[in-house]
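Visitor: Sharing upload-v9.cif (mmCIF, C-alpha atoms) below.
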data_query
loop_
_atom_site.label_atom_id
_atom_site.label_comp_id
_atom_site.auth_asym_id
_atom_site.auth_seq_id
_atom_site.Cartn_x
_atom_site.Cartn_y
_atom_site.Cartn_z
CA MET A 433 136.04 272.62 78.87
CA ARG A 434 134.24 275.97 79.01
CA CYS A 435 130.97 277.19 77.53
CA ARG A 436 131.56 279.35 74.48
CA SER A 437 128.88 281.80 75.57
CA CYS A 438 129.36 282.23 79.34
CA ARG A 439 132.68 280.47 80.15
CA GLY A 440 130.83 278.30 82.67
CA SER A 441 131.46 274.55 82.89
CA ALA A 442 130.48 272.83 79.61
CA VAL A 443 128.31 269.71 79.40
CA ILE A 444 128.56 269.11 75.66
CA GLU A 445 131.23 269.65 73.05
CA ILE A 446 130.25 270.27 69.43
CA ARG A 447 133.50 269.65 67.61
CA ARG A 448 132.29 270.85 64.21
CA HIS A 449 131.70 274.27 65.78
CA HIS A 450 135.01 274.09 67.71
CA ALA A 451 132.87 274.90 70.71
CA ALA A 452 131.42 273.59 73.95
CA PHE A 453 128.29 274.72 75.77
CA CYS A 454 126.74 274.73 79.23
CA THR A 455 123.17 273.41 79.47
CA GLU A 456 121.50 276.80 79.15
CA HIS A 457 123.47 277.96 76.13
CA PHE A 458 123.34 274.58 74.42
CA LEU A 459 119.53 274.62 74.61
CA THR A 460 119.52 278.18 73.28
CA MET A 461 121.83 277.22 70.40
CA PHE A 462 119.64 274.20 69.60
CA ARG A 463 116.45 276.27 69.42
CA THR A 464 118.22 278.90 67.33
CA GLN A 465 119.27 276.26 64.80
CA VAL A 466 115.69 274.98 64.54
CA GLU A 467 114.38 278.52 64.06
CA LYS A 468 117.02 279.15 61.41
CA ALA A 469 116.00 276.00 59.52
CA ILE A 470 112.32 276.95 59.69
CA ARG A 471 112.99 280.50 58.51
CA ARG A 472 115.51 279.70 55.78
CA HIS A 473 113.33 277.04 54.16
CA ARG A 474 109.98 278.70 54.96
CA MET A 475 108.88 275.53 56.67
CA LEU A 476 106.14 276.75 58.97
CA ALA A 477 103.74 279.67 59.28
CA PRO A 478 102.73 280.81 62.79
CA ASP A 479 99.16 279.53 62.44
CA ASP A 480 99.95 276.25 60.68
CA ARG A 481 98.44 273.08 62.11
CA ILE A 482 101.40 270.71 62.28
CA LEU A 483 101.25 266.92 62.39
CA LEU A 484 104.49 265.56 63.85
CA ALA A 485 105.53 261.98 63.20
CA VAL A 486 106.45 260.65 66.65
CA SER A 487 108.42 257.45 67.04
CA GLY A 488 109.30 257.75 70.73
CA GLY A 489 112.96 258.26 69.86
CA LYS A 490 115.12 261.25 70.75
CA ASP A 491 114.67 263.14 67.48
CA SER A 492 110.89 263.29 67.22
CA LEU A 493 110.42 264.04 70.91
CA ALA A 494 113.12 266.73 70.87
CA LEU A 495 111.46 268.32 67.84
CA TRP A 496 108.05 268.18 69.47
CA ASP A 497 109.48 269.86 72.58
CA VAL A 498 111.18 272.66 70.61
CA LEU A 499 108.19 273.38 68.39
CA LEU A 500 105.89 273.60 71.41
CA ASP A 501 108.32 275.98 73.10
CA LEU A 502 108.29 278.07 69.93
CA ASP A 503 104.48 278.23 70.27
CA TYR A 504 103.59 276.15 67.24
CA ASP A 505 100.35 274.14 67.13
CA VAL A 506 101.68 270.58 67.01
CA THR A 507 99.76 267.30 67.19
CA GLY A 508 101.74 264.07 67.43
CA LEU A 509 101.05 260.99 65.35
CA TYR A 510 102.32 257.65 66.58
CA LEU A 511 102.30 254.71 64.18
CA GLY A 512 102.10 251.29 65.83
CA LEU A 513 104.41 248.99 63.87
CA GLY A 514 103.72 245.82 65.86
CA ILE A 515 107.36 245.20 66.77
CA ALA A 516 106.59 243.55 70.12
CA ASP A 517 108.11 245.18 73.24
CA TYR A 518 109.91 247.83 71.20
CA SER A 519 106.64 249.23 69.85
CA ASP A 520 104.95 249.03 73.25
CA ARG A 521 107.76 250.99 74.90
CA SER A 522 107.81 253.53 72.03
CA HIS A 523 104.08 254.13 72.38
CA ASP A 524 104.40 254.49 76.16
CA VAL A 525 107.06 257.22 75.99
CA ALA A 526 105.17 259.07 73.24
CA ARG A 527 102.01 259.05 75.38
CA ALA A 528 103.96 260.10 78.47
CA PHE A 529 105.43 263.08 76.61
CA ALA A 530 102.01 264.11 75.29
CA ASP A 531 100.54 263.89 78.81
CA ARG A 532 103.41 265.85 80.31
CA ARG A 533 103.09 268.67 77.79
CA ASP A 534 99.28 268.38 77.67
CA VAL A 535 99.17 267.98 73.90
CA ARG A 536 97.31 265.62 71.58
CA LEU A 537 98.77 262.34 70.31
CA LEU A 538 96.97 260.51 67.51
CA THR A 539 97.61 256.81 67.03
CA VAL A 540 97.39 254.66 63.92
CA ASP A 541 98.04 250.95 64.29
CA LEU A 542 99.19 249.10 61.19
CA GLU A 543 97.70 245.77 62.26
CA ARG A 544 94.39 247.24 63.41
CA ASP A 545 93.96 249.77 60.63
CA HIS A 546 95.68 248.15 57.66
CA GLY A 547 95.80 244.42 58.47
CA TYR A 548 99.53 243.79 58.84
CA ASP A 549 102.46 244.50 61.10
CA ILE A 550 106.06 245.21 60.15
CA PRO A 551 107.61 241.85 61.20
CA THR A 552 105.01 240.07 59.03
CA ALA A 553 105.47 242.49 56.15
CA GLY A 554 109.23 241.92 56.20
CA LYS A 555 108.72 238.18 55.79
CA ARG A 556 105.87 238.12 53.26
CA GLY A 557 106.52 241.01 50.89
CA SER A 558 109.24 241.53 48.32
CA ARG A 559 110.58 244.64 50.06
CA SER A 560 113.08 244.69 52.91
CA THR A 561 111.69 245.25 56.40
CA CYS A 562 113.06 248.80 56.55
CA ALA A 563 111.73 249.60 53.05
CA VAL A 564 108.18 248.51 53.82
CA CYS A 565 108.36 250.26 57.20
CA GLY A 566 109.40 253.53 55.55
CA LEU A 567 106.72 253.12 52.89
CA SER A 568 104.06 252.52 55.54
CA LYS A 569 105.14 255.55 57.57
CA ARG A 570 105.11 257.94 54.62
CA TYR A 571 101.71 256.70 53.51
CA VAL A 572 100.11 256.87 56.95
CA PHE A 573 101.55 260.30 57.79
CA ASN A 574 100.24 261.80 54.55
CA ASP A 575 96.89 260.04 54.90
CA ALA A 576 96.43 261.16 58.51
CA ALA A 577 97.42 264.74 57.67
CA LEU A 578 94.86 264.89 54.85
CA GLU A 579 92.21 263.29 57.02
CA GLY A 580 92.84 265.66 59.92
CA GLY A 581 93.17 268.82 57.82
CA PHE A 582 96.77 269.49 58.86
CA ASP A 583 98.85 272.01 56.91
CA VAL A 584 102.20 270.27 57.23
CA VAL A 585 103.84 267.02 58.30
CA ALA A 586 107.04 267.44 60.33
CA THR A 587 109.57 264.67 60.90
CA GLY A 588 112.61 264.43 63.16
CA HIS A 589 115.22 263.72 60.49
CA ASN A 590 118.55 265.11 61.69
CA LEU A 591 121.81 266.06 59.99
CA ASP A 592 123.22 262.54 60.30
CA ASP A 593 120.10 261.06 58.70
CA GLU A 594 120.25 263.47 55.80
CA ALA A 595 124.01 263.17 55.28
CA ALA A 596 123.78 259.36 55.28
CA THR A 597 120.90 259.42 52.78
CA LEU A 598 122.79 261.82 50.53
CA LEU A 599 125.89 259.64 50.74
CA GLY A 600 123.88 256.57 49.71
CA ASN A 601 122.22 258.38 46.83
CA THR A 602 125.57 259.75 45.67
CA LEU A 603 127.34 256.38 45.86
CA ARG A 604 124.66 255.00 43.53
CA TRP A 605 124.37 258.24 41.51
CA GLN A 606 120.62 258.31 42.02
CA THR A 607 120.37 261.77 40.53
CA ASP A 608 116.58 261.98 40.79
CA ALA A 609 116.75 261.16 44.50
CA ILE A 610 119.64 263.60 45.00
CA ALA A 611 117.59 266.34 43.32
CA ARG A 612 114.66 265.95 45.70
CA GLN A 613 116.44 265.75 49.07
CA SER A 614 115.10 269.06 50.30
CA PRO A 615 114.24 269.64 53.98
CA ALA A 616 111.01 271.38 52.94
CA LEU A 617 108.71 270.03 50.25
CA PRO A 618 105.62 272.10 49.43
CA ALA A 619 102.10 270.64 49.22
CA HIS A 620 101.15 269.23 45.86
CA ASP A 621 98.20 267.26 44.43
CA GLY A 622 97.09 265.37 47.52
CA LEU A 623 100.55 265.35 49.11
CA VAL A 624 100.81 267.38 52.28
CA LYS A 625 103.76 269.73 52.83
CA LYS A 626 106.69 267.96 54.53
CA VAL A 627 109.43 269.56 56.62
CA LYS A 628 112.52 268.45 58.55
CA PRO A 629 113.36 271.23 61.03
CA LEU A 630 116.22 269.27 62.70
CA HIS A 631 118.30 268.89 59.54
CA ARG A 632 120.96 271.34 60.80
CA LEU A 633 121.49 269.41 64.07
CA SER A 634 123.44 266.19 64.57
CA GLU A 635 122.30 263.06 66.38
CA LEU A 636 124.64 263.95 69.22
CA GLU A 637 122.86 267.27 69.57
CA THR A 638 119.32 265.86 69.44
CA ALA A 639 120.24 263.19 72.01
CA ALA A 640 121.88 265.78 74.27
CA TYR A 641 118.87 268.08 73.92
CA ALA A 642 116.45 265.28 74.90
CA PHE A 643 118.63 264.28 77.85
CA LEU A 644 119.14 267.83 79.12
CA ARG A 645 115.42 268.57 78.81
CA GLY A 646 114.61 265.48 80.87
CA ILE A 647 112.72 263.82 78.03
CA ASP A 648 112.34 260.07 78.44
CA TYR A 649 112.96 258.52 75.03
CA VAL A 650 113.59 255.05 73.64
CA VAL A 651 117.35 254.49 73.65
CA GLU A 652 117.07 250.93 72.39
CA GLU A 653 117.51 250.43 68.68
CA CYS A 654 114.75 248.82 66.60
CA PRO A 655 115.41 245.06 66.83
CA LEU A 656 114.78 244.67 63.08
CA VAL A 657 117.36 247.25 61.98
CA ALA A 658 120.51 245.09 62.15
CA GLY A 659 122.53 245.35 58.94
CA ASN A 660 120.52 248.33 57.73
CA THR A 661 122.26 250.16 54.91
CA GLN A 662 121.55 253.58 56.40
CA LEU A 663 123.40 252.58 59.58
CA ARG A 664 126.45 251.52 57.58
CA TYR A 665 126.51 254.88 55.82
CA LYS A 666 126.24 256.65 59.16
CA GLU A 667 129.16 254.66 60.51
CA ALA A 668 131.21 255.57 57.44
CA MET A 669 130.38 259.25 57.87
CA ASN A 670 131.24 259.06 61.58
CA ALA A 671 134.64 257.54 60.77
CA ILE A 672 135.41 260.55 58.55
CA GLU A 673 133.91 262.98 61.06
CA GLN A 674 136.16 261.63 63.81
CA THR A 675 139.28 262.99 62.15
CA SER A 676 137.61 265.80 60.17
CA PRO A 677 134.88 267.36 62.32
CA GLY A 678 132.36 269.28 60.23
CA THR A 679 132.47 266.99 57.20
CA LYS A 680 128.86 265.86 57.59
CA ALA A 681 127.60 269.43 57.82
CA GLN A 682 129.72 270.54 54.88
CA PHE A 683 128.46 267.60 52.84
CA PHE A 684 124.72 268.04 53.46
CA LEU A 685 124.36 271.77 54.14
CA GLY A 686 126.81 272.47 51.31
CA TYR A 687 124.65 270.31 49.06
CA LEU A 688 121.57 272.37 49.96
CA ASP A 689 123.36 275.67 49.35
CA ARG A 690 125.35 274.85 46.25
CA ALA A 691 124.60 271.49 44.66
CA MET A 692 120.86 270.82 44.85
CA PRO A 693 119.98 273.35 42.12
CA LEU A 694 122.44 271.63 39.78
CA PHE A 695 120.50 268.37 40.03
CA ARG A 696 117.08 269.79 39.30
CA SER A 697 115.43 268.75 36.07
CA GLU A 698 112.23 269.61 34.28
CA ASP A 699 110.97 266.07 34.69
CA ARG A 700 107.62 266.40 36.44
CA ALA A 701 105.65 263.34 37.42
CA GLU A 702 101.99 263.17 36.47
CA LEU A 703 99.92 262.08 39.41
CA ARG A 704 96.53 260.42 39.59
CA ALA A 705 94.44 259.01 42.41
CA CYS A 706 95.17 255.44 43.46
CA GLU A 707 92.16 253.33 42.46
CA GLU A 708 92.25 251.59 45.83
CA CYS A 709 92.81 254.38 48.37
CA GLY A 710 92.77 257.68 46.47
CA GLN A 711 96.28 258.80 47.43
CA PRO A 712 98.48 260.21 44.65
CA THR A 713 100.37 257.77 42.45
CA MET A 714 101.83 257.50 38.97
CA GLY A 715 100.12 254.18 38.20
CA ARG A 716 96.70 252.73 38.90
CA PHE A 717 97.61 251.72 42.43
CA CYS A 718 99.99 253.37 44.86
CA ALA A 719 103.04 251.58 46.24
CA PHE A 720 101.42 251.24 49.67
CA CYS A 721 98.33 249.48 48.32
CA ARG A 722 100.47 247.22 46.14
CA ALA A 723 102.72 246.32 49.07
CA ARG A 724 99.75 245.75 51.37
CA ALA A 725 98.01 243.52 48.83
CA GLN A 726 101.20 241.50 48.41
CA ILE A 727 101.62 241.08 52.17
CA LEU A 728 97.98 240.03 52.65
CA GLY A 729 97.88 237.84 49.52
CA GLU A 730 95.18 239.96 47.92
CA ARG A 731 94.72 241.12 44.33
CA LEU A 732 94.14 244.73 43.41
CA GLY A 733 91.57 245.68 40.75
CA THR A 734 89.97 243.27 38.28
CA ASP A 735 92.64 242.98 35.57
CA PRO A 736 94.15 239.50 35.48
CA GLU A 737 97.60 240.89 34.66
CA PRO A 738 99.28 244.06 35.94
CA SER A 739 99.81 246.84 33.43
CA ASP A 740 103.29 247.78 32.21
CA ARG A 741 103.00 250.89 34.33
CA GLU A 742 102.33 248.88 37.46
CA VAL A 743 105.24 246.60 36.77
CA ALA A 744 107.47 249.61 36.22
CA GLY A 745 106.19 251.11 39.46
CA GLU A 746 106.88 247.88 41.31
CA LEU A 747 110.43 247.89 40.02
CA ALA A 748 110.88 251.42 41.26
CA ASP A 749 110.51 250.13 44.79
CA GLU A 750 110.64 253.51 46.45
CA VAL A 751 107.92 255.13 44.35
CA LEU A 752 105.96 256.15 47.39
CA PRO A 753 103.75 259.12 48.17
CA ALA A 754 106.68 261.11 49.51
CA GLU A 755 108.89 260.27 46.58
CA ILE A 756 106.18 260.80 44.01
CA TYR A 757 105.56 264.07 45.68
CA ASP A 758 109.24 264.92 45.59
CA ARG A 759 109.39 264.31 41.88
CA ALA A 760 106.17 266.11 41.20
CA VAL A 761 107.07 269.35 42.91
CA ARG A 762 110.46 269.88 41.36
CA MET B 30 135.07 251.97 87.46
CA LYS B 31 131.75 250.57 86.26
CA VAL B 32 130.64 251.53 82.76
CA ARG B 33 127.15 250.75 81.51
CA LEU B 34 126.98 250.33 77.74
CA ARG B 35 123.74 250.26 75.77
CA ASN B 36 122.40 248.47 72.68
CA PRO B 37 122.84 245.81 73.90
CA ASP B 38 122.83 246.61 77.60
CA ARG B 39 126.01 245.39 79.34
CA GLU B 40 128.43 246.49 82.02
CA VAL B 41 132.23 246.56 81.86
CA GLU B 42 134.89 247.46 84.40
CA VAL B 43 137.66 249.84 83.34
CA ARG B 44 140.40 251.80 85.06
CA GLY B 45 139.66 255.32 86.30
CA GLY B 46 142.10 258.15 86.98
CA ARG B 47 142.09 259.47 83.42
CA PRO B 48 139.94 261.57 81.06
CA VAL B 49 136.69 260.23 79.62
CA GLY B 50 138.19 260.38 76.12
CA SER B 51 140.79 257.80 77.12
CA VAL B 52 138.05 255.44 78.35
CA LEU B 53 136.20 255.84 75.04
CA ASP B 54 139.40 255.14 73.10
CA GLU B 55 139.99 251.96 75.10
CA LEU B 56 136.43 250.79 74.39
CA GLY B 57 136.77 251.64 70.68
CA ILE B 58 133.97 254.22 70.80
CA VAL B 59 133.96 257.30 68.55
CA VAL B 60 133.56 260.34 70.79
CA ASP B 61 130.75 262.08 68.87
CA THR B 62 128.57 258.96 68.72
CA VAL B 63 127.71 258.76 72.43
CA LEU B 64 126.52 260.71 75.42
CA VAL B 65 128.61 260.11 78.53
CA ILE B 66 126.52 260.38 81.68
CA ARG B 67 127.86 260.49 85.26
CA ALA B 68 125.54 260.89 88.24
CA GLY B 69 122.74 262.09 85.98
CA GLU B 70 124.83 264.71 84.19
CA LEU B 71 126.54 264.90 80.81
CA ILE B 72 130.32 265.15 80.89
CA THR B 73 132.76 266.11 78.14
CA ARG B 74 135.69 264.05 76.90
CA GLU B 75 138.46 265.85 78.81
CA MET B 76 136.73 265.40 82.20
CA PRO B 77 138.71 263.12 84.56
CA VAL B 78 136.92 260.07 85.91
CA ARG B 79 137.72 258.17 89.09
CA ASP B 80 137.68 254.48 89.95
CA GLU B 81 134.62 254.98 92.13
CA ASP B 82 132.60 256.68 89.37
CA GLU B 83 129.82 254.94 87.47
CA LEU B 84 129.32 255.96 83.85
CA GLU B 85 126.60 255.34 81.30
CA ILE B 86 127.76 255.49 77.70
CA ARG B 87 124.63 255.99 75.62
CA PRO B 88 124.80 255.72 71.82
CA VAL B 89 123.12 258.48 69.84
CA ILE B 90 123.03 256.76 66.46
CA SER B 91 119.67 255.52 65.19
CA GLY B 92 118.86 253.86 61.92
CA GLY B 93 116.17 252.08 59.98
CA ALA B 94 113.21 253.58 58.20
CA ARG B 95 112.64 257.20 59.18
#
Could I get this structure in the form of structure tokens?

Guide:
Amino acid sequence: MRCRSCRGSAVIEIRRHHAAFCTEHFLTMFRTQVEKAIRRHRMLAPDDRILLAVSGGKDSLALWDVLLDLDYDVTGLYLGLGIADYSDRSHDVARAFADRRDVRLLTVDLERDHGYDIPTAGKRGSRSTCAVCGLSKRYVFNDAALEGGFDVVATGHNLDDEAATLLGNTLRWQTDAIARQSPALPAHDGLVKKVKPLHRLSELETAAYAFLRGIDYVVEECPLVAGNTQLRYKEAMNAIEQTSPGTKAQFFLGYLDRAMPLFRSEDRAELRACEECGQPTMGRFCAFCRARAQILGERLGTDPEPSDREVAGELADEVLPAEIYDRAVR
Amino acid sequence: MKVRLRNPDREVEVRGGRPVGSVLDELGIVVDTVLVIRAGELITREMPVRDEDELEIRPVISGGAR
């Protein structure tokens, strides 16, 4: 197989492009796709201070590497989830990358800073392990960005992540969630701007980029993820992609180009400050504080009974800072 | 030929003398869901592999809360 650009020996085939690439031209193509995403969705300004959510996996470290090479000012944020050896190894590779590139890595630890870890939260709360993990991440990233005066939070979501999420939302016809699945969400009322510069690149491409750049990343899967719905959607998309390469890209990038505007509505959430932590919420207390109180067996506020609004918020399990933000900025 | 599979880590022995894609088919692995690594380098699905080669087949899929 030959490189599309130079006809040299290829190391990676990208079937949706009907093309293969040598190392040099694959890395060039990868960076070009990131630049295209940033430009098309006006994700970053040259002098933005960027806070990058770093898990230690291939996506976040690949994104960190590309953004640094593109001369952006990027600080990493690692969130310690307390998942035994998996978290220790993730933290180690994140620190090693930061040392190697001589950049700053901030660390928040859920147990130390908020009183619980993810394995405990999965057992004690009403949410699934992955749901409370996602909620905790979105809260901490926004909180840390506000605290540190960052302009934007970047995450390593890739094309497979976004296509799987869109598939799940479409299967359930969650039209409000479909409407807000943009790779760039502007700042709004205490919610920091959020961007996903890898959304045009597949997991195969982010893994290949990390490997070819010599980035040590955590290959092991989170031990708590077994049976995760998102993984099942990814497997379904991969089964289609196997015989119809390009389907994932057509589905998600086509949605951004042609379908997302059709799902927009005038519904605009009214936000107020959470009475516990001050982050934006639609009720008295944000979803993070409610989840945390439930996990720790604590009561929020002084009212003996929750208000109707709080109950409604609790039912809408994913009413989180990011989601509230998504609704509010439409 | 030794093949190291990940998540969970395990090793299997398969026949060489054929393209990588054939090995993936035999193992029931979708081609775009893995990196295939030989001697520290990525190889594409049409590359022939030999009995004396050692491969790592590394999944690229990740899930959970992002």

Visitor: Set the cut-off to 10 Å and count all atoms listed in the file: what are the residues of chain B that reach chain A? Output as a ChimeraX atom specification.

Guide: /B:35-38,59-66,69-76,87-95

Visitor: Fewer than 4 positions away in the same chain doesn't count, so skip those; otherwise give me all residues within 8 Å of segment 574-581 of chain A, counting all atoms listed in the file, as a PyMOL selection string.

Guide: chain A and resi 483+570+585+622-624+711+753

Visitor: At what distance in Å, to one decimal, does atom CA of Asp505 of chain A lie from atom CA of Asp689 of chain A?

Guide: 29.1 Å

Visitor: Report as a PyMOL selection string the full result of the PyMOL selection byres ((chain A and resi 541) around 8) when it is applied to this structure.

Guide: chain A and resi 511-514+539-540+542-546

Visitor: Skipping near chain neighbours, those fewer than 3 positions away, what residues fall within 7 Å of segment 39-50 of chain B using all atoms listed in the file, listed as a PDB file with C-alpha atoms, in the frame of the given file?

Guide:
ATOM      1  CA  MET B  30     135.070 251.970  87.460  1.00  0.00           C
ATOM      2  CA  LYS B  31     131.750 250.570  86.260  1.00  0.00           C
ATOM      3  CA  VAL B  32     130.640 251.530  82.760  1.00  0.00           C
ATOM      4  CA  ARG B  33     127.150 250.750  81.510  1.00  0.00           C
ATOM      5  CA  LEU B  34     126.980 250.330  77.740  1.00  0.00           C
ATOM      6  CA  ARG B  35     123.740 250.260  75.770  1.00  0.00           C
ATOM      7  CA  LEU B  53     136.200 255.840  75.040  1.00  0.00           C
ATOM      8  CA  ASP B  54     139.400 255.140  73.100  1.00  0.00           C
ATOM      9  CA  ARG B  74     135.690 264.050  76.900  1.00  0.00           C
ATOM     10  CA  GLU B  75     138.460 265.850  78.810  1.00  0.00           C
ATOM     11  CA  MET B  76     136.730 265.400  82.200  1.00  0.00           C
ATOM     12  CA  PRO B  77     138.710 263.120  84.560  1.00  0.00           C
ATOM     13  CA  VAL B  78     136.920 260.070  85.910  1.00  0.00           C
ATOM     14  CA  ARG B  79     137.720 258.170  89.090  1.00  0.00           C
ATOM     15  CA  ASP B  80     137.680 254.480  89.950  1.00  0.00           C
TER      16      ASP B  80
END

Visitor: Just to confirm, what's the straight-line distance from atom CA of Asp621 of chain A to atom CA of Thr607 of chain A in Å (one decimal)?

Guide: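 That distance, rounded to one decimal, is 23.2 Å.
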
Visitor: Provide an axis-aligned box for all listed atoms of segment 63-82 of chain B, padding each side by 8 Å; report its centre and its edge lengths in Å to one decimal, as JSON.

Guide:
{"center_x": 130.7, "center_y": 260.3, "center_z": 82.3, "size_x": 32.0, "size_y": 27.6, "size_z": 35.7}

Visitor: How would you write, as a PDB file with C-alpha atoms, in the coordinates of the input, the residues chosen by the PyMOL selection byres ((chain A and resi 551) around 8) on this structure?

Guide:
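Dumped everything to expr.pdb:
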ATOM      1  CA  GLY A 514     103.720 245.820  65.860  1.00  0.00           C
ATOM      2  CA  ILE A 515     107.360 245.200  66.770  1.00  0.00           C
ATOM      3  CA  ASP A 549     102.460 244.500  61.100  1.00  0.00           C
ATOM      4  CA  ILE A 550     106.060 245.210  60.150  1.00  0.00           C
ATOM      5  CA  THR A 552     105.010 240.070  59.030  1.00  0.00           C
ATOM      6  CA  ALA A 553     105.470 242.490  56.150  1.00  0.00           C
ATOM      7  CA  GLY A 554     109.230 241.920  56.200  1.00  0.00           C
ATOM      8  CA  LYS A 555     108.720 238.180  55.790  1.00  0.00           C
ATOM      9  CA  THR A 561     111.690 245.250  56.400  1.00  0.00           C
ATOM     10  CA  LEU A 656     114.780 244.670  63.080  1.00  0.00           C
TER      11      LEU A 656
END

Visitor: Applying 9 Å and only C-alpha atoms, which residues near Ile647 of chain A remain after dropping the ones on its own chain fewer than 3 positions away? List them as a PyMOL selection string.

Guide: chain A and resi 490+493-494+497+525+529+641-644

Visitor: Separation of atom CA of Pro478 of chain A and atom CA of Asp503 of chain A, in Å?

Guide: 8.1 Å
